[in-house]
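Structure data (mmCIF, C-alpha atoms and all ligand atoms) from final.cif:
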```cif
data_final
loop_
_atom_site.label_atom_id
_atom_site.label_comp_id
_atom_site.auth_asym_id
_atom_site.auth_seq_id
_atom_site.Cartn_x
_atom_site.Cartn_y
_atom_site.Cartn_z
CA MET E 1 -154.50 52.75 -29.70
CA GLU E 2 -153.06 54.70 -26.87
CA SER E 3 -155.39 56.69 -24.65
CA CYS E 4 -154.30 60.06 -23.31
CA ARG E 5 -155.57 59.06 -19.85
CA VAL E 6 -152.47 56.92 -19.45
CA ALA E 7 -150.09 58.67 -21.81
CA PRO E 8 -148.08 61.48 -20.23
CA ALA E 9 -147.67 64.55 -22.39
CA GLU E 10 -144.61 64.48 -24.53
CA HIS E 11 -142.69 67.67 -24.25
CA SER E 12 -139.67 66.96 -26.33
CA LEU E 13 -137.39 69.52 -27.88
CA ARG E 14 -138.61 70.99 -31.10
CA SER E 15 -136.10 70.91 -33.91
CA ALA E 16 -134.12 74.06 -33.59
CA ASP E 17 -132.02 76.37 -35.67
CA PHE E 18 -129.65 76.93 -32.76
CA THR E 19 -129.12 74.49 -29.94
CA PHE E 20 -126.81 75.06 -27.01
CA GLY E 21 -125.87 72.81 -24.13
CA MET E 22 -128.03 74.90 -21.85
CA LEU E 23 -130.18 78.01 -22.10
CA LEU E 24 -130.13 80.67 -19.39
CA LEU E 25 -132.86 83.31 -19.50
CA GLN E 26 -132.00 86.29 -17.34
CA ARG E 27 -134.46 88.87 -15.99
CA ALA E 28 -137.68 87.13 -17.05
CA ARG E 29 -140.74 88.75 -15.44
CA VAL E 30 -142.84 85.69 -14.50
CA PRO E 31 -146.37 85.76 -13.01
CA ALA E 32 -145.90 84.76 -9.37
CA ASP E 33 -148.72 82.23 -9.36
CA VAL E 34 -147.00 79.94 -11.87
CA LEU E 35 -143.79 79.90 -9.83
CA PRO E 36 -142.91 77.54 -6.95
CA ASP E 37 -143.94 78.94 -3.55
CA PRO E 38 -140.45 79.76 -2.24
CA ILE E 39 -139.74 81.98 -5.24
CA ALA E 40 -143.19 83.60 -5.22
CA SER E 41 -142.94 84.66 -1.58
CA PRO E 42 -143.04 87.19 -0.13
CA ALA E 43 -146.22 87.95 -2.05
CA PRO E 44 -145.60 90.63 -4.68
CA ASP E 45 -147.64 93.78 -5.23
CA PRO E 46 -151.25 92.71 -6.06
CA LEU E 47 -151.20 95.18 -8.96
CA GLU E 48 -147.99 93.68 -10.32
CA PRO E 49 -148.00 90.06 -9.18
CA SER E 50 -144.82 89.00 -10.90
CA VAL E 51 -141.24 88.16 -10.00
CA LEU E 52 -138.06 88.90 -11.93
CA CYS E 53 -136.42 85.52 -12.43
CA ASP E 54 -133.47 83.74 -14.01
CA ILE E 55 -134.51 80.49 -15.68
CA THR E 56 -132.16 77.70 -16.70
CA ILE E 57 -133.21 75.16 -19.30
CA GLU E 58 -131.49 71.88 -19.99
CA GLY E 59 -132.86 69.72 -22.78
CA SER E 60 -136.64 69.71 -22.73
CA LYS E 61 -137.02 70.68 -19.05
CA ILE E 62 -136.58 73.71 -16.86
CA SER E 63 -133.71 72.83 -14.55
CA SER E 64 -133.75 75.84 -12.24
CA VAL E 65 -135.68 79.01 -11.46
CA ALA E 66 -134.46 81.67 -9.06
CA ARG E 67 -135.03 85.31 -8.29
CA SER E 68 -132.96 87.30 -10.71
CA THR E 69 -129.55 88.54 -9.75
CA GLY E 70 -129.47 90.87 -12.75
CA SER E 71 -127.88 90.44 -16.14
CA GLY E 72 -124.42 89.01 -16.07
CA ARG E 73 -121.80 87.86 -18.47
CA VAL E 74 -122.75 84.23 -18.70
CA SER E 75 -122.14 82.35 -21.90
CA ASN E 76 -125.33 81.39 -23.71
CA ALA E 77 -127.39 83.73 -21.51
CA THR E 78 -130.29 85.66 -23.01
CA ASP E 79 -131.16 88.83 -21.15
CA LEU E 80 -134.93 89.33 -21.40
CA ALA E 81 -134.66 92.72 -19.68
CA GLY E 82 -137.85 92.30 -17.70
CA ALA E 83 -140.06 90.95 -20.49
CA MET E 84 -143.19 89.09 -19.33
CA VAL E 85 -142.73 85.31 -19.55
CA PHE E 86 -145.63 82.87 -19.29
CA PRO E 87 -145.47 79.09 -19.33
CA GLY E 88 -146.75 77.44 -22.49
CA PHE E 89 -150.51 77.88 -22.47
CA VAL E 90 -153.11 75.20 -21.82
CA ASP E 91 -156.29 75.67 -23.86
CA ALA E 92 -158.65 73.26 -22.12
CA HIS E 93 -161.73 73.40 -24.34
CA VAL E 94 -161.87 73.90 -28.12
CA HIS E 95 -163.64 72.43 -31.15
CA LEU E 96 -161.06 71.75 -33.86
CA ASP E 97 -163.58 69.91 -36.04
CA LYS E 98 -165.85 72.97 -36.33
CA ALA E 99 -163.09 75.58 -36.58
CA HIS E 100 -162.73 77.86 -39.61
CA THR E 101 -166.05 76.94 -41.22
CA TRP E 102 -167.41 80.48 -40.88
CA ASN E 103 -166.90 81.52 -44.48
CA ARG E 104 -169.06 78.72 -45.85
CA ALA E 105 -171.39 78.32 -42.83
CA PRO E 106 -172.00 81.70 -41.18
CA ASN E 107 -174.53 82.36 -38.41
CA ARG E 108 -176.48 85.40 -39.57
CA SER E 109 -178.60 85.83 -36.42
CA GLY E 110 -175.82 84.94 -33.99
CA THR E 111 -178.22 82.70 -32.07
CA PHE E 112 -177.58 79.28 -30.56
CA PRO E 113 -180.33 77.54 -32.61
CA GLU E 114 -178.97 78.90 -35.88
CA ALA E 115 -175.48 77.79 -34.88
CA LEU E 116 -176.72 74.23 -34.34
CA GLU E 117 -178.69 74.17 -37.59
CA THR E 118 -175.92 75.76 -39.64
CA LEU E 119 -173.20 73.37 -38.54
CA ALA E 120 -175.50 70.36 -38.85
CA ARG E 121 -175.95 71.30 -42.53
CA ASP E 122 -172.21 71.87 -42.97
CA LYS E 123 -171.25 68.38 -41.86
CA VAL E 124 -171.62 66.99 -45.38
CA ASN E 125 -168.34 68.84 -46.03
CA TRP E 126 -166.47 67.20 -43.15
CA THR E 127 -164.25 64.81 -45.07
CA ARG E 128 -160.89 63.67 -43.73
CA GLU E 129 -159.16 66.19 -45.99
CA ASP E 130 -161.43 69.05 -44.92
CA LEU E 131 -161.01 68.26 -41.22
CA LEU E 132 -157.23 67.95 -41.50
CA ARG E 133 -156.95 71.19 -43.47
CA ARG E 134 -158.91 73.28 -40.98
CA ALA E 135 -157.68 71.61 -37.79
CA ALA E 136 -154.03 71.62 -38.86
CA PHE E 137 -154.27 75.36 -39.50
CA ALA E 138 -155.89 75.80 -36.08
CA LEU E 139 -153.07 73.85 -34.42
CA ALA E 140 -150.44 75.90 -36.27
CA CYS E 141 -152.08 79.09 -34.96
CA ALA E 142 -152.25 77.71 -31.41
CA TRP E 143 -148.62 76.58 -31.59
CA GLU E 144 -147.33 79.94 -32.79
CA HIS E 145 -149.34 81.74 -30.09
CA GLY E 146 -147.67 79.57 -27.44
CA THR E 147 -150.27 76.90 -26.61
CA ARG E 148 -148.68 73.57 -25.72
CA VAL E 149 -151.68 71.58 -24.41
CA LEU E 150 -155.04 71.58 -26.12
CA ARG E 151 -158.25 69.60 -25.46
CA THR E 152 -160.75 69.40 -28.29
CA HIS E 153 -164.30 68.12 -28.26
CA VAL E 154 -165.17 65.98 -31.28
CA ASP E 155 -168.70 65.71 -32.68
CA THR E 156 -169.86 62.09 -32.47
CA TRP E 157 -173.27 61.06 -33.81
CA LEU E 158 -173.20 57.44 -34.89
CA PRO E 159 -172.95 56.17 -37.51
CA TRP E 160 -171.32 59.47 -38.31
CA GLY E 161 -168.28 60.63 -36.37
CA GLU E 162 -165.46 58.17 -36.95
CA VAL E 163 -163.89 60.39 -39.59
CA ASN E 164 -163.66 63.19 -36.99
CA HIS E 165 -161.96 61.04 -34.38
CA ALA E 166 -159.62 59.50 -36.94
CA ALA E 167 -158.54 62.93 -38.19
CA MET E 168 -157.88 64.20 -34.66
CA HIS E 169 -155.93 61.05 -33.84
CA GLU E 170 -153.83 61.56 -36.95
CA LEU E 171 -153.11 65.14 -35.92
CA ARG E 172 -152.26 64.04 -32.37
CA GLY E 173 -149.50 61.93 -33.84
CA GLU E 174 -148.25 64.66 -36.15
CA TRP E 175 -148.11 67.20 -33.31
CA SER E 176 -146.69 64.87 -30.68
CA GLY E 177 -143.81 66.54 -28.87
CA ARG E 178 -145.13 69.99 -29.67
CA ILE E 179 -148.82 70.20 -28.68
CA ALA E 180 -150.35 67.55 -26.40
CA LEU E 181 -153.72 67.11 -28.13
CA GLN E 182 -156.54 65.56 -26.10
CA THR E 183 -159.93 64.51 -27.46
CA VAL E 184 -163.38 64.16 -25.91
CA PRO E 185 -166.48 62.96 -27.82
CA LEU E 186 -169.39 65.40 -28.03
CA THR E 187 -172.85 63.90 -28.38
CA GLY E 188 -176.22 64.01 -26.67
CA ILE E 189 -175.97 62.66 -23.13
CA ALA E 190 -179.17 60.72 -23.86
CA ASN E 191 -177.35 58.79 -26.60
CA TYR E 192 -175.26 56.97 -24.00
CA SER E 193 -178.49 55.43 -22.68
CA GLY E 194 -179.55 54.27 -26.15
CA PRO E 195 -178.48 51.19 -28.06
CA GLU E 196 -175.36 52.99 -29.32
CA GLY E 197 -174.14 54.16 -25.92
CA ASP E 198 -171.29 51.69 -25.61
CA ALA E 199 -170.38 52.09 -29.28
CA ILE E 200 -170.01 55.87 -28.92
CA ALA E 201 -167.70 55.41 -25.96
CA ASP E 202 -165.75 52.63 -27.67
CA LEU E 203 -165.28 54.70 -30.82
CA ALA E 204 -163.92 57.63 -28.83
CA MET E 205 -161.64 55.41 -26.76
CA LYS E 206 -160.39 53.60 -29.86
CA TYR E 207 -159.03 56.93 -31.06
CA GLY E 208 -157.51 57.88 -27.72
CA ALA E 209 -160.19 59.98 -25.99
CA CYS E 210 -159.22 61.07 -22.48
CA ALA E 211 -162.81 61.48 -21.19
CA LEU E 212 -166.40 61.02 -22.33
CA GLY E 213 -168.42 64.10 -23.12
CA GLY E 214 -171.82 65.34 -24.16
CA TRP E 215 -174.54 67.88 -23.55
CA SER E 216 -178.20 67.83 -22.59
CA PRO E 217 -181.10 70.12 -21.83
CA MET E 218 -182.88 69.69 -18.48
CA THR E 219 -185.21 66.70 -18.73
CA THR E 220 -186.80 64.37 -16.21
CA GLU E 221 -184.75 61.52 -17.69
CA LEU E 222 -181.41 63.30 -17.21
CA PRO E 223 -180.54 61.82 -13.76
CA ARG E 224 -181.03 58.28 -15.07
CA GLN E 225 -179.08 59.11 -18.25
CA LEU E 226 -176.20 60.47 -16.19
CA ASP E 227 -176.18 57.30 -14.08
CA ARG E 228 -175.72 55.33 -17.30
CA LEU E 229 -173.02 57.65 -18.64
CA LEU E 230 -171.10 57.47 -15.37
CA ALA E 231 -171.27 53.67 -15.48
CA ILE E 232 -169.93 53.63 -19.04
CA ALA E 233 -167.11 56.01 -18.08
CA ARG E 234 -166.27 54.01 -14.96
CA ASP E 235 -166.06 50.82 -17.02
CA ARG E 236 -163.48 52.50 -19.25
CA GLY E 237 -161.52 54.14 -16.46
CA VAL E 238 -162.11 57.71 -17.62
CA GLY E 239 -163.91 60.80 -16.42
CA LEU E 240 -166.35 63.21 -18.06
CA ASP E 241 -166.01 66.57 -19.80
CA LEU E 242 -169.50 67.95 -20.43
CA HIS E 243 -171.14 71.00 -21.97
CA VAL E 244 -173.74 72.21 -19.47
CA ASP E 245 -176.21 75.07 -19.18
CA GLU E 246 -174.99 77.14 -22.13
CA ASN E 247 -177.95 79.50 -21.87
CA GLY E 248 -179.50 82.16 -19.66
CA ARG E 249 -182.57 80.20 -18.52
CA PRO E 250 -182.75 79.87 -14.70
CA GLY E 251 -184.58 76.55 -14.92
CA GLU E 252 -181.64 74.88 -16.64
CA GLU E 253 -179.73 73.14 -13.85
CA VAL E 254 -177.68 70.48 -15.59
CA LEU E 255 -174.63 71.46 -13.52
CA ARG E 256 -176.52 70.73 -10.31
CA THR E 257 -177.89 67.50 -11.76
CA VAL E 258 -174.39 66.36 -12.75
CA ALA E 259 -173.07 67.12 -9.26
CA GLU E 260 -175.90 65.13 -7.69
CA ALA E 261 -175.23 62.23 -10.06
CA VAL E 262 -171.49 62.22 -9.27
CA LEU E 263 -172.23 62.10 -5.55
CA ARG E 264 -175.04 59.54 -5.90
CA ASN E 265 -172.79 57.22 -7.89
CA ARG E 266 -169.66 57.92 -5.81
CA PHE E 267 -167.89 58.54 -9.12
CA GLY E 268 -164.23 59.18 -8.46
CA ASN E 269 -162.83 59.96 -11.91
CA PRO E 270 -162.40 63.60 -12.97
CA VAL E 271 -165.56 65.44 -14.03
CA VAL E 272 -165.37 68.73 -15.92
CA CYS E 273 -168.34 70.97 -16.72
CA GLY E 274 -167.98 73.67 -19.37
CA HIS E 275 -170.01 76.88 -19.69
CA CYS E 276 -172.38 76.73 -16.64
CA CYS E 277 -173.89 80.05 -17.80
CA SER E 278 -177.41 79.72 -16.36
CA LEU E 279 -175.97 79.44 -12.85
CA SER E 280 -175.49 83.22 -13.01
CA VAL E 281 -179.22 83.97 -13.43
CA GLN E 282 -180.53 81.73 -10.64
CA PRO E 283 -181.62 82.88 -7.16
CA ILE E 284 -178.63 83.45 -4.90
CA GLU E 285 -179.53 80.72 -2.41
CA ARG E 286 -179.81 78.25 -5.26
CA GLN E 287 -176.46 79.40 -6.62
CA ARG E 288 -174.82 78.83 -3.27
CA SER E 289 -176.26 75.37 -2.77
CA THR E 290 -175.34 74.33 -6.32
CA ILE E 291 -171.78 75.59 -5.92
CA ALA E 292 -171.55 73.67 -2.62
CA LEU E 293 -172.62 70.51 -4.46
CA VAL E 294 -170.13 71.19 -7.25
CA ARG E 295 -167.38 71.57 -4.67
CA GLU E 296 -168.43 68.41 -2.82
CA ALA E 297 -168.49 66.45 -6.10
CA ALA E 298 -164.99 67.78 -6.97
CA ILE E 299 -166.26 69.06 -10.32
CA ARG E 300 -163.92 71.31 -12.27
CA VAL E 301 -165.36 74.16 -14.32
CA ILE E 302 -164.25 75.65 -17.62
CA SER E 303 -165.58 79.06 -18.60
CA LEU E 304 -165.63 80.04 -22.27
CA PRO E 305 -165.91 83.83 -22.07
CA LEU E 306 -165.41 84.76 -25.73
CA CYS E 307 -168.01 82.31 -27.03
CA ASN E 308 -170.44 83.22 -24.24
CA LEU E 309 -170.07 86.90 -25.02
CA TYR E 310 -170.85 86.22 -28.67
CA LEU E 311 -173.69 83.74 -28.32
CA GLN E 312 -175.47 84.56 -25.07
CA ASP E 313 -178.31 87.07 -24.78
CA ARG E 314 -179.12 86.99 -28.47
CA ARG E 315 -182.83 87.13 -29.15
CA GLY E 316 -183.57 86.36 -32.76
CA GLN E 317 -187.04 87.80 -32.72
CA GLU E 318 -185.70 91.13 -31.50
CA PHE E 319 -182.62 91.15 -33.69
CA PRO E 320 -180.69 93.42 -33.61
CA ARG E 321 -180.64 94.48 -29.97
CA THR E 322 -178.14 95.35 -27.27
CA PRO E 323 -177.08 92.41 -25.04
CA GLN E 324 -177.81 92.88 -21.36
CA TRP E 325 -175.55 90.28 -19.79
CA ARG E 326 -172.14 88.83 -20.51
CA GLY E 327 -173.14 85.19 -20.34
CA LEU E 328 -170.38 84.23 -17.91
CA THR E 329 -170.70 81.66 -15.17
CA LEU E 330 -170.09 82.73 -11.55
CA ILE E 331 -166.31 82.72 -11.92
CA HIS E 332 -165.50 84.50 -8.65
CA ASP E 333 -168.02 82.56 -6.57
CA LEU E 334 -166.67 79.27 -7.90
CA LEU E 335 -163.07 80.31 -7.22
CA ASP E 336 -164.01 81.50 -3.73
CA ALA E 337 -165.51 78.06 -3.07
CA GLY E 338 -162.27 76.38 -4.14
CA VAL E 339 -163.62 74.98 -7.41
CA PRO E 340 -160.81 74.52 -9.97
CA LEU E 341 -161.58 76.81 -12.89
CA ALA E 342 -160.04 77.41 -16.32
CA CYS E 343 -160.92 79.72 -19.20
CA ALA E 344 -160.59 78.49 -22.77
CA SER E 345 -161.17 79.37 -26.42
CA ASP E 346 -164.18 77.18 -27.28
CA ASN E 347 -165.30 77.77 -30.87
CA VAL E 348 -163.18 79.70 -33.37
CA ARG E 349 -164.49 81.13 -36.61
CA ASP E 350 -167.58 78.97 -36.82
CA ALA E 351 -171.32 79.41 -36.33
CA PHE E 352 -170.99 79.28 -32.51
CA HIS E 353 -168.38 82.04 -32.44
CA ALA E 354 -167.48 84.08 -35.47
CA TYR E 355 -164.05 85.14 -34.23
CA GLY E 356 -161.00 83.87 -32.39
CA ASP E 357 -157.53 82.62 -33.25
CA PHE E 358 -156.73 79.81 -30.77
CA ASP E 359 -154.76 82.40 -28.84
CA ALA E 360 -154.87 81.64 -25.12
CA ALA E 361 -153.28 85.02 -24.37
CA GLU E 362 -156.30 86.70 -25.97
CA VAL E 363 -158.62 84.44 -23.99
CA TYR E 364 -156.81 85.37 -20.79
CA ILE E 365 -156.71 89.11 -21.44
CA GLN E 366 -160.39 89.21 -22.41
CA SER E 367 -161.30 87.06 -19.40
CA VAL E 368 -159.58 89.55 -17.10
CA ARG E 369 -161.55 92.38 -18.64
CA LEU E 370 -164.92 90.60 -18.90
CA ALA E 371 -164.91 88.89 -15.51
CA HIS E 372 -163.06 91.60 -13.57
CA LEU E 373 -160.27 89.18 -12.78
CA ASP E 374 -158.16 92.27 -12.04
CA SER E 375 -159.54 91.89 -8.51
CA ARG E 376 -157.54 88.67 -8.19
CA LEU E 377 -154.88 89.41 -10.79
CA GLY E 378 -152.23 87.16 -9.28
CA ALA E 379 -154.33 84.00 -9.35
CA SER E 380 -156.01 84.94 -12.61
CA VAL E 381 -153.12 83.69 -14.74
CA ARG E 382 -153.90 80.14 -13.65
CA VAL E 383 -157.01 80.00 -15.84
CA VAL E 384 -154.92 79.38 -18.96
CA THR E 385 -151.86 77.87 -17.25
CA SER E 386 -151.60 75.81 -14.05
CA ALA E 387 -155.32 75.46 -13.22
CA ALA E 388 -156.09 74.50 -16.80
CA ALA E 389 -153.22 71.99 -16.76
CA ASP E 390 -154.51 70.41 -13.56
CA ILE E 391 -158.02 70.18 -15.01
CA VAL E 392 -156.83 68.31 -18.11
CA GLY E 393 -154.67 66.01 -16.00
CA LEU E 394 -151.22 67.32 -16.95
CA PRO E 395 -150.06 68.95 -13.72
CA ALA E 396 -146.45 69.46 -14.81
CA SER E 397 -147.59 71.87 -17.54
CA GLY E 398 -148.59 75.51 -17.18
CA ARG E 399 -145.85 76.28 -14.68
CA VAL E 400 -142.38 77.84 -14.58
CA ALA E 401 -140.67 75.47 -12.17
CA PRO E 402 -137.80 73.01 -12.01
CA GLY E 403 -138.81 69.84 -13.82
CA ALA E 404 -141.57 71.55 -15.79
CA PRO E 405 -141.54 71.36 -19.59
CA ALA E 406 -139.29 74.01 -21.11
CA GLN E 407 -142.13 75.73 -22.91
CA LEU E 408 -142.30 79.50 -22.43
CA VAL E 409 -143.92 82.45 -24.13
CA VAL E 410 -142.02 85.75 -23.99
CA PHE E 411 -144.01 88.96 -24.52
CA PRO E 412 -142.60 92.42 -25.21
CA SER E 413 -144.60 93.73 -22.22
CA ARG E 414 -142.67 94.48 -19.04
CA SER E 415 -145.61 94.46 -16.61
CA PHE E 416 -149.17 93.20 -16.25
CA SER E 417 -150.41 96.69 -17.08
CA GLU E 418 -148.55 96.71 -20.38
CA PHE E 419 -149.52 93.11 -21.13
CA LEU E 420 -153.22 93.68 -20.47
CA SER E 421 -153.27 97.01 -22.26
CA ARG E 422 -151.59 96.04 -25.51
CA PRO E 423 -152.06 92.43 -26.55
CA ALA E 424 -148.75 92.21 -28.26
CA PRO E 425 -148.28 90.47 -31.58
CA GLY E 426 -144.53 90.18 -31.28
CA ARG E 427 -143.94 87.31 -28.91
CA ARG E 428 -141.05 84.89 -28.68
CA LEU E 429 -141.33 81.19 -28.00
CA VAL E 430 -139.01 79.03 -25.94
CA ASP E 431 -139.15 75.30 -26.58
CA GLY E 432 -136.35 73.33 -25.06
CA GLU E 433 -133.12 75.24 -25.49
CA THR E 434 -134.40 77.25 -28.44
CA ILE E 435 -135.80 80.77 -28.43
CA ARG E 436 -137.32 82.14 -31.62
CA GLU E 437 -139.76 84.69 -32.94
CA ALA E 438 -143.36 83.49 -33.20
CA ARG E 439 -144.74 83.47 -36.72
CA PRO E 440 -148.50 82.82 -36.72
CA PRO E 441 -149.68 81.62 -40.15
CA GLY E 442 -151.60 84.07 -42.27
CA PHE E 443 -155.21 83.35 -43.14
CA ASP E 444 -154.13 83.03 -46.75
CA GLU E 445 -152.47 79.76 -45.72
CA LEU E 446 -155.91 78.33 -44.89
CA LYS E 447 -156.50 77.00 -48.36
ZN ZN G 501 -167.59 73.81 -26.42
#
```

Starting from the coordinates I provided, produce the structure as structure tokens.
Ligand SMILES: [Zn+2]
Amino acid sequence: MESCRVAPAEHSLRSADFTFGMLLLQRARVPADVLPDPIASPAPDPLEPSVLCDITIEGSKISSVARSTGSGRVSNATDLAGAMVFPGFVDAHVHLDKAHTWNRAPNRSGTFPEALETLARDKVNWTREDLLRRAAFALACAWEHGTRVLRTHVDTWLPWGEVNHAAMHELRGEWSGRIALQTVPLTGIANYSGPEGDAIADLAMKYGACALGGWSPMTTELPRQLDRLLAIARDRGVGLDLHVDENGRPGEEVLRTVAEAVLRNRFGNPVVCGHCCSLSVQPIERQRSTIALVREAAIRVISLPLCNLYLQDRRGQEFPRTPQWRGLTLIHDLLDAGVPLACASDNVRDAFHAYGDFDAAEVYIQSVRLAHLDSRLGASVRVVTSAAADIVGLPASGRVAPGAPAQLVVFPSRSFSEFLSRPAPGRRLVDGETIREARPPGFDELK
């Protein structure tokens, strides 16, 4: 079966009600940081880092982007009148196999341990039909919100787990040409050092995984286990996408341990670390030296702000209480150090996060508010567009540029202020030469 490490994303034209020989979008207000440099300069106002553009689409690609000359009488032109236009979103870290289990498997304390226990009990329900039903609904939501690339982690605990990978592989085929769906196995990092280590990796690769993944608490065995995992990944020509330090305990330094392992093993394939929450509660000198190691090891970081906000700083024994920290990793420090960083949905309507809708626009807007990304508003859009695309290895996506996939999301907002103030439900979607109203499925469609 084909692995997504070698398969370029397919961005073909979605079947359309109306197809023209070319589509010209006039007066599209595009975030400057997803535009090519010549169009984005001179740098726009930091409070309104966008450029009014005319975008030409031919087939499934953007053929030209230029500063707008205003609306003109051009056949087949659509005047967007200054509406905000983003590239199709890249949601770099989700869990389709857990999604939409909340109603039957809620987390009453909101704690991490109860989330683990609750979903472990729920797995008896994870048949092929159940997985396809929930994940297909999730993909339909993501699609109608404008997401065009999505990476999901897939629970893998042998002998259990093949049904998950098979279902995701089936959906990858069904959604090919619309959403590029990537998969990463999620298991204990220690399992790769056990007798089933190769089998876990082989199972994931058989169903097209693009990286190996896992999570681990801090243990004395972790460095040796990471050496083994890196060897397994190197043998298969893939990188890693790990869950690390999803807690507020200063002694948890899996991120640092991963960086040391990457450098020790001279591992050259891409390594992604998600969450990295405990970095924020460590002494500042330790933070700086860990971030320097992360930078040196070329590790990319994915922050999951909505899930962190929900799950972090819960204390079951004191329930209910007011949370005292947001659970975020050091987003600004990592960006200042030049570490590639994305923000993503993570869990949606399951025991790890009760809410969510696979809407990358919501993730972005909340990330701006939670992490004060307003202080770098221009670059902030990259966390769900170009930076996220680079991290998942699809650098043509998440951009509004000649040659990029013709995948755009048009919002009614006419400025960043309007966009960030009123997350608008009424968006339009451009795929190829088609522009249409988005129609997210209702929850009643989740049978
Ligand atoms: Zn996750």

Grab me every residue within 7 Å of ligand ZN 501 (chain G), counting all atoms listed in the file, and send it over as a PDB file with C-alpha atoms, keeping the file's coordinate frame.
```
ATOM      1  CA  HIS E  93    -161.730  73.400 -24.340  1.00  0.00           C
ATOM      2  CA  VAL E  94    -161.870  73.900 -28.120  1.00  0.00           C
ATOM      3  CA  HIS E  95    -163.640  72.430 -31.150  1.00  0.00           C
ATOM      4  CA  HIS E 153    -164.300  68.120 -28.260  1.00  0.00           C
ATOM      5  CA  HIS E 243    -171.140  71.000 -21.970  1.00  0.00           C
ATOM      6  CA  ASP E 346    -164.180  77.180 -27.280  1.00  0.00           C
ATOM      7  CA  ASN E 347    -165.300  77.770 -30.870  1.00  0.00           C
TER       8      ASN E 347
END
```

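With only the atoms specified (all atoms listed in the file) counting, those residues at most 9 Å away from (-176.7, 65.3, -19.3) are Gly188, Ile189, Ala190, Gly214, Trp215, Ser216, Pro217, Met218, Thr219, Leu222, Pro223, Gln225, Leu226, Leu229, Leu242, His243, Val244, Val254, Leu255, Thr257 and Val258 of chain E.
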
From the list E:Thr322, E:Asn76, E:Thr127, E:Ser417, which residue is nearest Leu47 in chain E when using all atoms listed in the file?
E:Ser417

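When the distance limit is 8 Å and all atoms listed in the file are what count, the residues near Asp350 in chain E, minus those fewer than 4 positions from it on the same chain, are Lys98, Ala99, His100, Thr101, Trp102, Ala105, Pro106, Asn107, Ala354 and Tyr355 of chain E.
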
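The residue that comes closest to Gly110 in chain E, out of E:Val238, E:Leu203, E:Leu96, E:Leu311 and on the basis of only C-alpha atoms, is E:Leu311.
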